[in-house]
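Below: one structure, written as structure tokens.
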Amino acid sequence: MQCPNELGSDPAGEQLVDWIRRNGGTVRVKVGPVPGSGLRGLMAVEDIPAGESAIAVPAGLCVQLGSAASQGAELAVDVLRLRLGDPAWTARLAPYWASLPAQGSLLSKEAWSADHLDVLQDAGLAEFVMHNTDYTDEVVFPELAERLRGFPGVESVTPEEFRHWASLVAQYSFVFWNSTGEDRAQRRFLFPLGDLANHKGASNSAAELDHTRSELVLVATRNIQAGEEVTHTYSRENERNDYSLVNYFFTQELDPPRLCALDLPGEHAEDDDLGGPDSAYFGSHPDELEVQAYRLEQRLMSFPTTPEQDAVLLAKSGPSALSAVPRQIVAFRMLRKRALQAMAEEIKARAAKARGGAGGPAEDLIFWIRDSGGQAHVEIGPVNAAGLRGTLAARDFVPGDVIISVPFNLTVAIGGHSSLASELAVQLLRQRLERPGHWAALAPYWASLPPAHALYCKELALPHHAAELQDALLALEFISNAAASESVFRGNAEGIAPEHQFPSLASLPGAAQLSRADFHEAVKWVALYSFTFDDEAGELTRYLLPLLDLVNHRGDANAHVTRHAGTGAFRLEALTDIKRGEEMTHCYDERYERPDFALVNSFFLPGHGEDLLAAVDLPGGTLDGGPYPAPDSAHFPMWSLEREAERLADRLKAFPTSEAQDAALLRRRRGWLGLAWRRPPDAVALRIIEFRLRRKRALRRMVRELRDRLDNIHRRLASGGAALGRELRR
């Protein structure tokens, strides 16, 4: 019922709508690609109040098949019996047959290829799928000629055609009671047009058989606005990706992630209704929770690839790209593993809370700082709807109050401020090898840092991410820094002292155990988490500062990071009144208010107020220049308005994608899996797409503002603005 459509128009869908209307049906939708996902679906062409029909198809245009409990192969026999036995009926339904997917474009458990089973990475799931496929191929199809003896054309039905019909009826049929009498039974029906409504857990319509009017209908379950997609819930089980994959060959990237049915505790895996939240299927006793967390972690470890490796496979393009079917299966197993990771972490935290223990590395970090003579009047947790981690005030503060104080002996001085992050990473690893005791003493800090796979920086950027920037200069910043990091690692970087290159560690004890992954982790920590302060000799030095590195950036921050002149402790001090529970922020650097600087240097986007122009879009602006304070208009002198408006307009036209296309990619982030032929954007690409969308919107806003200012000047000149004329001539 979810079919990719590569074209903007859908002639077969339009003919189907016209056919239903000509035969007395009601259609208040159109067929076409759904904005933001590209799936073929139904869009309302008018407002549809709750309780009214979006579609009403006369029963004579629909196809009643066998029992609701029948498998797809059995139902395929029913369809072929009708098609071969009544050619006139088959011809009458020609617009419906034409609207259905072509042979070879569907896949369900009735028609899997053995080549794809290993891609699942689950022997039990593969066995279930193969059982259904074997039933189609080895039981029902060999009996087809006998079951339809005497039907003209039955001998010409190929195994491929039979598999297609088995998949089609399995995916496209609806279950309804066939009558209202005592002898009623649940039957399968093919519901023209209704079968193009896509699945959604929180849908806006329901499928019904109206026995009074003898119609199959999609009834609005809430008010539906014109232009809104009309969806219905196939079943609550389809919120589980293993169920939706094997039955309909689609998956969903849900928020929060949902476990597969097979990964729920054993007593629930076969439940009829699996639509509840994952947490409802786990107990509350800490012993039980720890057992379940261990079970999920063991299952996760049993897979031959990690979710990160699956994401790399999905990101391949060109000749090495996965074809449509393996891509969908790899996407399924990646989402499955991510859900396992998330649930294992959640129930471990629940177990710790139930035992009254610490809540995790963040809380351990706070206790460690306090126990070491520091101050930490904060809580660590999500600070926005997207789940961004930050610091929250544990009490009220007034300007000058010390919120956090980290003793100097808990910090790490890495090296000179002007060094590359990759050079400093080598110095950090040198400390790990030369001072193992000090490194071990900092264990609560290392445990509080995000895992390396969750971080991204220009020093380790990938070429396809650089291309997503749609800007040669910004891409060069990614590529050149990544190349420099690789050179430092290999020991062939020009202009860098030998002791700052990775091979210089080779003679130290334990160096043989250091890997590329260790180097990459150190690079990310230095690039994203270090601060610059004067050391005791007055030299600008990069430091790692526990807990302070969890304070997020804001241009108009309510706190700032300082260093105590006497003790050398690093502190977060309040700049404004701060209420308990309020997020604390500090300004990393004024240049971080420009989105290109923030993205390239720390891979985040400033999220406060109106989007500002990128630094590189300002007149004479560069990525390393500035700061360029707001507002943007202050950087455009009156005499340059016309030229600058044209320059920005030309820049906007030069991008290979439009704002609408970028916005569609971002909306698709929860539903890309329906687009089986398209490489899904990973989290890094999504951040870059968000950046370029915001950049384009800021450019369009500024072009409009400059032209408005220019028009205003012309009007003032036309009305005799002599003073303005003298100002322009100056």
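Note on naming: chains are A, B, ... as they come in the structure tokens, residues start from 1 per chain, ligands start from 1 in the order shown.
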
Residue contacts of Leu474 (chain A) (12 Å, only C-alpha atoms) excluding same-chain residues fewer than 2 positions away, as a PyMOL selection string: chain A and resi 458+461+463+465-472+476-481+595-601+614-617+622-624+688+691-692

Those of region 200-419 of chain A in DSSP alpha helix (DSSP H), formatted as a PyMOL selection string: chain A and resi 241-248+286-302+307-315+324-354+361-371

Please save C-alpha atoms of the selected residues as an mmCIF file, in the first residue's frame.
```cif
data_model
loop_
_atom_site.group_PDB
_atom_site.id
_atom_site.type_symbol
_atom_site.label_atom_id
_atom_site.label_comp_id
_atom_site.auth_asym_id
_atom_site.auth_seq_id
_atom_site.Cartn_x
_atom_site.Cartn_y
_atom_site.Cartn_z
ATOM 1 C CA ASN A 241 9.637 -2.665 11.696
ATOM 2 C CA ASP A 242 10.047 -6.442 11.479
ATOM 3 C CA TYR A 243 6.290 -6.805 10.993
ATOM 4 C CA SER A 244 6.054 -4.024 8.386
ATOM 5 C CA LEU A 245 9.159 -5.224 6.516
ATOM 6 C CA VAL A 246 8.153 -8.853 6.023
ATOM 7 C CA ASN A 247 4.482 -8.069 5.325
ATOM 8 C CA TYR A 248 4.634 -4.788 3.387
ATOM 9 C CA PRO A 286 15.845 -3.697 38.927
ATOM 10 C CA ASP A 287 16.901 -7.373 38.662
ATOM 11 C CA GLU A 288 14.437 -7.941 35.844
ATOM 12 C CA LEU A 289 15.480 -4.742 34.085
ATOM 13 C CA GLU A 290 19.170 -5.644 34.270
ATOM 14 C CA VAL A 291 18.471 -9.090 32.812
ATOM 15 C CA GLN A 292 16.551 -7.527 29.931
ATOM 16 C CA ALA A 293 19.272 -4.940 29.309
ATOM 17 C CA TYR A 294 21.833 -7.734 29.158
ATOM 18 C CA ARG A 295 19.613 -9.691 26.735
ATOM 19 C CA LEU A 296 19.281 -6.700 24.397
ATOM 20 C CA GLU A 297 23.008 -5.961 24.524
ATOM 21 C CA GLN A 298 23.854 -9.589 23.759
ATOM 22 C CA ARG A 299 21.491 -9.548 20.803
ATOM 23 C CA LEU A 300 23.087 -6.346 19.589
ATOM 24 C CA MET A 301 26.549 -7.879 19.869
ATOM 25 C CA SER A 302 25.439 -10.937 17.886
ATOM 26 C CA PRO A 307 24.539 0.353 13.014
ATOM 27 C CA GLU A 308 27.371 2.704 12.074
ATOM 28 C CA GLN A 309 28.677 0.199 9.524
ATOM 29 C CA ASP A 310 25.156 -0.221 8.150
ATOM 30 C CA ALA A 311 24.897 3.552 7.786
ATOM 31 C CA VAL A 312 28.140 3.554 5.780
ATOM 32 C CA LEU A 313 26.677 0.914 3.448
ATOM 33 C CA LEU A 314 23.563 3.010 2.931
ATOM 34 C CA ALA A 315 25.681 6.071 2.183
ATOM 35 C CA ALA A 324 16.730 -1.110 -3.852
ATOM 36 C CA VAL A 325 15.913 -4.375 -2.044
ATOM 37 C CA PRO A 326 19.174 -4.805 -0.086
ATOM 38 C CA ARG A 327 19.076 -1.086 0.754
ATOM 39 C CA GLN A 328 15.682 -1.445 2.416
ATOM 40 C CA ILE A 329 16.819 -4.504 4.380
ATOM 41 C CA VAL A 330 20.042 -2.834 5.530
ATOM 42 C CA ALA A 331 18.008 0.200 6.587
ATOM 43 C CA PHE A 332 15.741 -2.125 8.574
ATOM 44 C CA ARG A 333 18.584 -3.787 10.446
ATOM 45 C CA MET A 334 20.248 -0.407 11.140
ATOM 46 C CA LEU A 335 17.027 0.937 12.695
ATOM 47 C CA ARG A 336 16.595 -2.307 14.613
ATOM 48 C CA LYS A 337 20.055 -2.001 16.156
ATOM 49 C CA ARG A 338 19.558 1.653 17.027
ATOM 50 C CA ALA A 339 16.321 0.765 18.822
ATOM 51 C CA LEU A 340 18.121 -2.008 20.717
ATOM 52 C CA GLN A 341 20.843 0.431 21.778
ATOM 53 C CA ALA A 342 18.353 3.055 22.928
ATOM 54 C CA MET A 343 16.199 0.604 24.903
ATOM 55 C CA ALA A 344 19.187 -1.100 26.560
ATOM 56 C CA GLU A 345 20.408 2.297 27.769
ATOM 57 C CA GLU A 346 16.932 3.288 28.947
ATOM 58 C CA ILE A 347 16.254 0.189 30.996
ATOM 59 C CA LYS A 348 19.763 0.251 32.510
ATOM 60 C CA ALA A 349 19.050 3.800 33.671
ATOM 61 C CA ARG A 350 15.679 2.654 35.023
ATOM 62 C CA ALA A 351 17.401 -0.174 36.885
ATOM 63 C CA ALA A 352 19.959 2.220 38.398
ATOM 64 C CA LYS A 353 17.200 4.592 39.461
ATOM 65 C CA ALA A 354 15.195 1.734 40.966
ATOM 66 C CA PRO A 361 28.317 9.247 33.844
ATOM 67 C CA ALA A 362 26.915 12.796 33.972
ATOM 68 C CA GLU A 363 25.974 12.514 37.639
ATOM 69 C CA ASP A 364 29.269 10.760 38.408
ATOM 70 C CA LEU A 365 31.083 13.729 36.846
ATOM 71 C CA ILE A 366 29.282 16.203 39.122
ATOM 72 C CA PHE A 367 30.027 14.167 42.248
ATOM 73 C CA TRP A 368 33.686 13.794 41.209
ATOM 74 C CA ILE A 369 34.124 17.562 40.818
ATOM 75 C CA ARG A 370 32.449 18.230 44.160
ATOM 76 C CA ASP A 371 34.477 15.515 45.915
#
```

Test item: residues at most 9 Å from region 512-520 of chain A, only C-alpha atoms, excluding those fewer than 4 positions along its chain, as a PyMOL selection string: chain A and resi 422+425-426+429+452+459-460+485+489+502+506-508+524-525

Let me see the file: selected residues, all heavy atoms, as an mmCIF file, in the first residue's frame.
```cif
data_model
loop_
_atom_site.group_PDB
_atom_site.id
_atom_site.type_symbol
_atom_site.label_atom_id
_atom_site.label_comp_id
_atom_site.auth_asym_id
_atom_site.auth_seq_id
_atom_site.Cartn_x
_atom_site.Cartn_y
_atom_site.Cartn_z
ATOM 1 N N SER A 422 44.523 17.953 15.060
ATOM 2 C CA SER A 422 45.167 16.647 14.899
ATOM 3 C C SER A 422 46.527 16.612 15.600
ATOM 4 O O SER A 422 46.908 15.591 16.194
ATOM 5 C CB SER A 422 45.324 16.315 13.413
ATOM 6 O OG SER A 422 45.939 17.396 12.722
ATOM 7 N N ALA A 425 45.818 16.333 19.237
ATOM 8 C CA ALA A 425 45.366 14.983 19.568
ATOM 9 C C ALA A 425 46.554 14.077 19.862
ATOM 10 O O ALA A 425 46.505 13.228 20.765
ATOM 11 C CB ALA A 425 44.523 14.411 18.419
ATOM 12 N N VAL A 426 47.637 14.261 19.108
ATOM 13 C CA VAL A 426 48.849 13.478 19.365
ATOM 14 C C VAL A 426 49.391 13.804 20.753
ATOM 15 O O VAL A 426 49.800 12.906 21.512
ATOM 16 C CB VAL A 426 49.908 13.755 18.280
ATOM 17 C CG1 VAL A 426 51.217 13.045 18.612
ATOM 18 C CG2 VAL A 426 49.400 13.318 16.907
ATOM 19 N N LEU A 429 47.256 12.099 23.385
ATOM 20 C CA LEU A 429 47.566 10.675 23.491
ATOM 21 C C LEU A 429 48.939 10.450 24.137
ATOM 22 O O LEU A 429 49.157 9.443 24.820
ATOM 23 C CB LEU A 429 47.505 10.022 22.109
ATOM 24 C CG LEU A 429 46.094 9.940 21.499
ATOM 25 C CD1 LEU A 429 46.158 9.466 20.055
ATOM 26 C CD2 LEU A 429 45.210 9.003 22.315
ATOM 27 N N ALA A 452 32.734 8.507 20.350
ATOM 28 C CA ALA A 452 33.295 9.137 19.152
ATOM 29 C C ALA A 452 32.336 9.101 17.975
ATOM 30 O O ALA A 452 32.274 10.040 17.175
ATOM 31 C CB ALA A 452 34.617 8.459 18.782
ATOM 32 N N GLU A 459 37.903 18.088 10.928
ATOM 33 C CA GLU A 459 39.198 17.405 10.876
ATOM 34 C C GLU A 459 39.084 15.959 10.422
ATOM 35 O O GLU A 459 40.083 15.355 10.036
ATOM 36 C CB GLU A 459 39.873 17.466 12.249
ATOM 37 C CG GLU A 459 40.409 18.824 12.625
ATOM 38 C CD GLU A 459 39.341 19.787 13.130
ATOM 39 O OE1 GLU A 459 38.181 19.363 13.316
ATOM 40 O OE2 GLU A 459 39.657 20.973 13.344
ATOM 41 N N LEU A 460 37.885 15.400 10.476
ATOM 42 C CA LEU A 460 37.680 14.013 10.046
ATOM 43 C C LEU A 460 36.518 13.927 9.063
ATOM 44 O O LEU A 460 35.837 12.906 8.969
ATOM 45 C CB LEU A 460 37.417 13.123 11.268
ATOM 46 C CG LEU A 460 38.554 13.080 12.304
ATOM 47 C CD1 LEU A 460 38.115 12.318 13.545
ATOM 48 C CD2 LEU A 460 39.800 12.441 11.708
ATOM 49 N N SER A 485 44.713 15.988 8.932
ATOM 50 C CA SER A 485 44.633 14.990 10.004
ATOM 51 C C SER A 485 45.212 13.660 9.555
ATOM 52 O O SER A 485 45.936 12.994 10.309
ATOM 53 C CB SER A 485 43.169 14.807 10.436
ATOM 54 O OG SER A 485 42.659 15.993 10.986
ATOM 55 N N PHE A 489 48.479 11.702 11.115
ATOM 56 C CA PHE A 489 48.401 10.310 11.548
ATOM 57 C C PHE A 489 49.489 9.462 10.878
ATOM 58 O O PHE A 489 50.127 8.629 11.518
ATOM 59 C CB PHE A 489 47.022 9.738 11.232
ATOM 60 C CG PHE A 489 46.855 8.293 11.611
ATOM 61 C CD1 PHE A 489 46.638 7.925 12.933
ATOM 62 C CD2 PHE A 489 46.936 7.288 10.654
ATOM 63 C CE1 PHE A 489 46.499 6.595 13.293
ATOM 64 C CE2 PHE A 489 46.795 5.953 11.003
ATOM 65 C CZ PHE A 489 46.578 5.607 12.323
ATOM 66 N N PHE A 502 51.730 11.383 14.696
ATOM 67 C CA PHE A 502 51.345 10.151 15.376
ATOM 68 C C PHE A 502 52.494 9.146 15.515
ATOM 69 O O PHE A 502 52.634 8.508 16.564
ATOM 70 C CB PHE A 502 50.163 9.518 14.641
ATOM 71 C CG PHE A 502 49.432 8.478 15.446
ATOM 72 C CD1 PHE A 502 48.573 8.856 16.476
ATOM 73 C CD2 PHE A 502 49.586 7.126 15.190
ATOM 74 C CE1 PHE A 502 47.890 7.915 17.222
ATOM 75 C CE2 PHE A 502 48.911 6.174 15.934
ATOM 76 C CZ PHE A 502 48.059 6.570 16.951
ATOM 77 N N ALA A 506 55.459 6.063 18.911
ATOM 78 C CA ALA A 506 55.755 4.633 18.767
ATOM 79 C C ALA A 506 56.671 4.088 19.859
ATOM 80 O O ALA A 506 56.560 2.918 20.247
ATOM 81 C CB ALA A 506 56.371 4.361 17.396
ATOM 82 N N SER A 507 57.556 4.913 20.388
ATOM 83 C CA SER A 507 58.533 4.406 21.367
ATOM 84 C C SER A 507 57.990 4.367 22.793
ATOM 85 O O SER A 507 58.656 3.842 23.693
ATOM 86 C CB SER A 507 59.789 5.287 21.336
ATOM 87 O OG SER A 507 59.457 6.617 21.705
ATOM 88 N N LEU A 508 56.788 4.878 23.002
ATOM 89 C CA LEU A 508 56.252 4.962 24.367
ATOM 90 C C LEU A 508 55.565 3.658 24.759
ATOM 91 O O LEU A 508 54.970 2.973 23.921
ATOM 92 C CB LEU A 508 55.252 6.124 24.468
ATOM 93 C CG LEU A 508 55.841 7.516 24.220
ATOM 94 C CD1 LEU A 508 54.752 8.570 24.230
ATOM 95 C CD2 LEU A 508 56.895 7.840 25.278
ATOM 96 N N LYS A 524 38.503 14.473 17.833
ATOM 97 C CA LYS A 524 37.160 15.019 18.050
ATOM 98 C C LYS A 524 37.061 15.726 19.396
ATOM 99 O O LYS A 524 36.448 16.794 19.501
ATOM 100 C CB LYS A 524 36.132 13.897 17.948
ATOM 101 C CG LYS A 524 35.965 13.355 16.527
ATOM 102 C CD LYS A 524 34.988 12.191 16.465
ATOM 103 C CE LYS A 524 34.810 11.700 15.031
ATOM 104 N NZ LYS A 524 33.858 10.566 14.938
ATOM 105 N N TRP A 525 37.654 15.154 20.431
ATOM 106 C CA TRP A 525 37.618 15.804 21.741
ATOM 107 C C TRP A 525 38.301 17.168 21.690
ATOM 108 O O TRP A 525 37.778 18.150 22.215
ATOM 109 C CB TRP A 525 38.300 14.918 22.783
ATOM 110 C CG TRP A 525 37.520 13.692 23.161
ATOM 111 C CD1 TRP A 525 36.239 13.390 22.808
ATOM 112 C CD2 TRP A 525 37.984 12.613 23.965
ATOM 113 N NE1 TRP A 525 35.858 12.182 23.346
ATOM 114 C CE2 TRP A 525 36.922 11.688 24.070
ATOM 115 C CE3 TRP A 525 39.180 12.331 24.607
ATOM 116 C CZ2 TRP A 525 37.023 10.499 24.791
ATOM 117 C CZ3 TRP A 525 39.291 11.147 25.337
ATOM 118 C CH2 TRP A 525 38.227 10.240 25.426
#
```

Between CA of Gly538 (chain A) and CA of Val561 (chain A), what is the distance, to one decimal in Å?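 These two atoms are separated by 17.6 Å.
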
Quick check, in Å to one decimal: how far apart do CA of Leu42 (chain A) and CA of Asn23 (chain A) lie?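 Going from CA of Leu42 (chain A) over to CA of Asn23 (chain A) covers 19.7 Å.
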
Set the distance at 8 Å and use only C-alpha atoms: which residues neighbour region 648-656 of chain A once local chain neighbours fewer than 4 positions away are removed? I'd like the list as a VMD selection string. chain A and resid 470 617 644 696 699 to 700 702 to 703

Go ahead and write the residues just picked, N, CA and C atoms, as a compact mmCIF listing (two decimals), in the first residue's frame.
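The result, written out as selection-v3.txt:
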```
# COMPACT_ATOMS: atom_id res chain seq x y z
N GLN A 470 27.42 22.25 -0.77
CA GLN A 470 27.07 23.02 -1.97
C GLN A 470 27.84 24.34 -2.02
N ASP A 617 28.76 35.08 3.02
CA ASP A 617 27.79 35.77 2.16
C ASP A 617 27.74 37.27 2.43
N GLU A 644 24.79 44.52 -4.38
CA GLU A 644 24.78 43.43 -3.42
C GLU A 644 23.52 42.58 -3.54
N LYS A 696 20.08 29.60 2.67
CA LYS A 696 19.30 30.09 1.52
C LYS A 696 18.15 30.99 1.97
N LEU A 699 19.62 34.31 2.74
CA LEU A 699 19.95 35.01 1.50
C LEU A 699 18.70 35.61 0.86
N ARG A 700 17.63 34.82 0.81
CA ARG A 700 16.39 35.31 0.19
C ARG A 700 15.83 36.49 0.99
N MET A 702 17.54 38.61 2.80
CA MET A 702 18.37 39.79 2.62
C MET A 702 18.20 40.39 1.22
N VAL A 703 18.03 39.56 0.20
CA VAL A 703 17.77 40.10 -1.15
C VAL A 703 16.50 40.93 -1.13
```

Could you work out how far CA of Gly201 (chain A) lies from CA of Phe282 (chain A), giving the answer in Å with one decimal?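 Here the two named atoms are 21.7 Å from each other.
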
For region 49-64 of chain A, find every residue with an atom within 6 Å (counting only C-alpha atoms), except residues of its own chain fewer than 2 positions away, and show them as a short mmCIF file (atom, residue, chain, number, x, y, z; two decimals) with all heavy atoms, in the first residue's frame.
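Dumped to around.cif:
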```
data_model
loop_
_atom_site.label_atom_id
_atom_site.label_comp_id
_atom_site.auth_asym_id
_atom_site.auth_seq_id
_atom_site.Cartn_x
_atom_site.Cartn_y
_atom_site.Cartn_z
N GLY A 25 -19.10 6.46 -7.65
CA GLY A 25 -18.34 6.58 -6.41
C GLY A 25 -18.06 8.03 -6.04
O GLY A 25 -18.30 8.95 -6.82
N THR A 26 -17.55 8.22 -4.84
CA THR A 26 -17.18 9.54 -4.33
C THR A 26 -15.67 9.57 -4.12
O THR A 26 -15.11 8.68 -3.47
CB THR A 26 -17.88 9.83 -3.00
OG1 THR A 26 -19.30 9.79 -3.20
CG2 THR A 26 -17.47 11.19 -2.44
N VAL A 27 -15.02 10.58 -4.67
CA VAL A 27 -13.57 10.71 -4.52
C VAL A 27 -13.26 12.17 -4.19
O VAL A 27 -13.56 13.06 -4.98
CB VAL A 27 -12.81 10.30 -5.79
CG1 VAL A 27 -11.31 10.47 -5.58
CG2 VAL A 27 -13.13 8.86 -6.16
N ARG A 28 -12.67 12.39 -3.02
CA ARG A 28 -12.29 13.75 -2.59
C ARG A 28 -10.79 13.83 -2.38
O ARG A 28 -10.30 14.59 -1.55
CB ARG A 28 -13.06 14.11 -1.32
CG ARG A 28 -14.56 14.03 -1.52
CD ARG A 28 -15.33 14.02 -0.22
NE ARG A 28 -15.40 15.32 0.40
CZ ARG A 28 -16.06 15.57 1.53
NH1 ARG A 28 -16.69 14.58 2.17
NH2 ARG A 28 -16.09 16.79 2.05
N PHE A 189 -10.65 -8.07 0.84
CA PHE A 189 -11.17 -7.30 -0.28
C PHE A 189 -10.04 -6.49 -0.90
O PHE A 189 -9.17 -5.97 -0.19
CB PHE A 189 -12.26 -6.32 0.19
CG PHE A 189 -13.55 -6.96 0.60
CD1 PHE A 189 -13.67 -7.56 1.84
CD2 PHE A 189 -14.66 -6.95 -0.24
CE1 PHE A 189 -14.86 -8.15 2.25
CE2 PHE A 189 -15.85 -7.52 0.15
CZ PHE A 189 -15.96 -8.12 1.40
N LEU A 190 -10.07 -6.37 -2.23
CA LEU A 190 -9.24 -5.39 -2.91
C LEU A 190 -10.09 -4.13 -3.07
O LEU A 190 -11.20 -4.18 -3.58
CB LEU A 190 -8.78 -5.90 -4.28
CG LEU A 190 -7.80 -7.09 -4.25
CD1 LEU A 190 -7.44 -7.52 -5.66
CD2 LEU A 190 -6.54 -6.72 -3.48
N PHE A 191 -9.56 -3.03 -2.60
CA PHE A 191 -10.29 -1.77 -2.46
C PHE A 191 -9.64 -0.73 -3.37
O PHE A 191 -8.68 -0.07 -2.98
CB PHE A 191 -10.21 -1.36 -0.98
CG PHE A 191 -10.89 -0.08 -0.59
CD1 PHE A 191 -11.62 0.69 -1.49
CD2 PHE A 191 -10.79 0.38 0.71
CE1 PHE A 191 -12.24 1.86 -1.10
CE2 PHE A 191 -11.39 1.56 1.12
CZ PHE A 191 -12.11 2.30 0.20
N SER A 214 -23.64 -0.34 0.35
CA SER A 214 -22.85 -1.28 -0.46
C SER A 214 -21.64 -0.58 -1.06
O SER A 214 -21.42 -0.58 -2.27
CB SER A 214 -23.71 -1.89 -1.56
OG SER A 214 -23.03 -2.98 -2.17
N GLU A 215 -20.83 0.02 -0.18
CA GLU A 215 -19.64 0.75 -0.59
C GLU A 215 -18.49 0.44 0.35
O GLU A 215 -18.71 0.18 1.54
CB GLU A 215 -19.88 2.27 -0.56
CG GLU A 215 -20.87 2.79 -1.57
CD GLU A 215 -21.09 4.30 -1.41
OE1 GLU A 215 -20.98 4.78 -0.26
OE2 GLU A 215 -21.38 4.96 -2.41
N LEU A 216 -17.29 0.47 -0.19
CA LEU A 216 -16.09 0.46 0.63
C LEU A 216 -15.64 1.91 0.75
O LEU A 216 -15.53 2.62 -0.27
CB LEU A 216 -14.98 -0.39 0.01
CG LEU A 216 -14.99 -1.89 0.38
CD1 LEU A 216 -16.23 -2.56 -0.17
CD2 LEU A 216 -13.74 -2.58 -0.14
N VAL A 217 -15.39 2.35 1.98
CA VAL A 217 -15.15 3.77 2.20
C VAL A 217 -13.91 3.98 3.07
O VAL A 217 -13.54 3.13 3.89
CB VAL A 217 -16.36 4.46 2.88
CG1 VAL A 217 -17.57 4.41 1.96
CG2 VAL A 217 -16.68 3.81 4.22
N LEU A 218 -13.28 5.13 2.87
CA LEU A 218 -12.30 5.67 3.81
C LEU A 218 -12.98 6.85 4.48
O LEU A 218 -13.30 7.86 3.83
CB LEU A 218 -11.03 6.14 3.10
CG LEU A 218 -9.93 5.13 2.81
CD1 LEU A 218 -8.72 5.82 2.19
CD2 LEU A 218 -9.51 4.38 4.06
N VAL A 219 -13.23 6.74 5.77
CA VAL A 219 -13.95 7.75 6.53
C VAL A 219 -12.96 8.57 7.35
O VAL A 219 -12.10 8.01 8.04
CB VAL A 219 -14.99 7.09 7.46
CG1 VAL A 219 -15.73 8.16 8.27
CG2 VAL A 219 -15.97 6.28 6.65
N ALA A 220 -13.08 9.90 7.28
CA ALA A 220 -12.21 10.77 8.06
C ALA A 220 -12.47 10.57 9.55
O ALA A 220 -13.62 10.65 10.00
CB ALA A 220 -12.43 12.23 7.67
N THR A 221 -11.42 10.30 10.31
CA THR A 221 -11.56 10.14 11.77
C THR A 221 -11.31 11.45 12.50
O THR A 221 -11.49 11.53 13.71
CB THR A 221 -10.59 9.07 12.28
OG1 THR A 221 -9.26 9.42 11.86
CG2 THR A 221 -10.95 7.70 11.71
N ARG A 222 -10.88 12.45 11.77
CA ARG A 222 -10.76 13.82 12.28
C ARG A 222 -10.87 14.74 11.08
O ARG A 222 -10.90 14.28 9.93
CB ARG A 222 -9.43 14.04 13.01
CG ARG A 222 -8.20 13.83 12.15
CD ARG A 222 -6.95 14.33 12.87
NE ARG A 222 -5.73 14.07 12.15
CZ ARG A 222 -5.29 14.77 11.10
NH1 ARG A 222 -6.00 15.79 10.62
NH2 ARG A 222 -4.14 14.46 10.51
N ASN A 223 -10.96 16.03 11.30
CA ASN A 223 -11.03 16.97 10.18
C ASN A 223 -9.73 16.89 9.37
O ASN A 223 -8.64 16.93 9.93
CB ASN A 223 -11.23 18.40 10.68
CG ASN A 223 -12.58 18.60 11.33
OD1 ASN A 223 -13.53 17.85 11.06
ND2 ASN A 223 -12.70 19.60 12.19
#
```

Would you please work out which residue, of A:Leu322, A:Ala569, A:Leu193, A:Ile48, is nearest to Arg21 (chain A) when using only C-alpha atoms?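 Checking each of A:Leu322, A:Ala569, A:Leu193, A:Ile48 against Arg21 (chain A), counting only C-alpha atoms, the winner is A:Leu193.
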
Write out as number ranges by chain the residues lying within 12 Å of Leu388 (chain A), counting only C-alpha atoms and excluding same-chain residues fewer than 2 positions away. A: 380-386, 390-392, 550-553, 583, 604, 607

Could you go through region 167-257 of chain A and tell me which residues DSSP, when run on the backbone, assigns to strand (DSSP E), listing them as number ranges by chain? A: 173-177, 186-190, 198-199, 205-210, 215-220, 229-232

All residues 12 Å or closer to Trp439 (chain A), only C-alpha atoms, same chain fewer than 3 positions away omitted, as an NGL selection string: :A and (409-412 or 428-436 or 442-447)
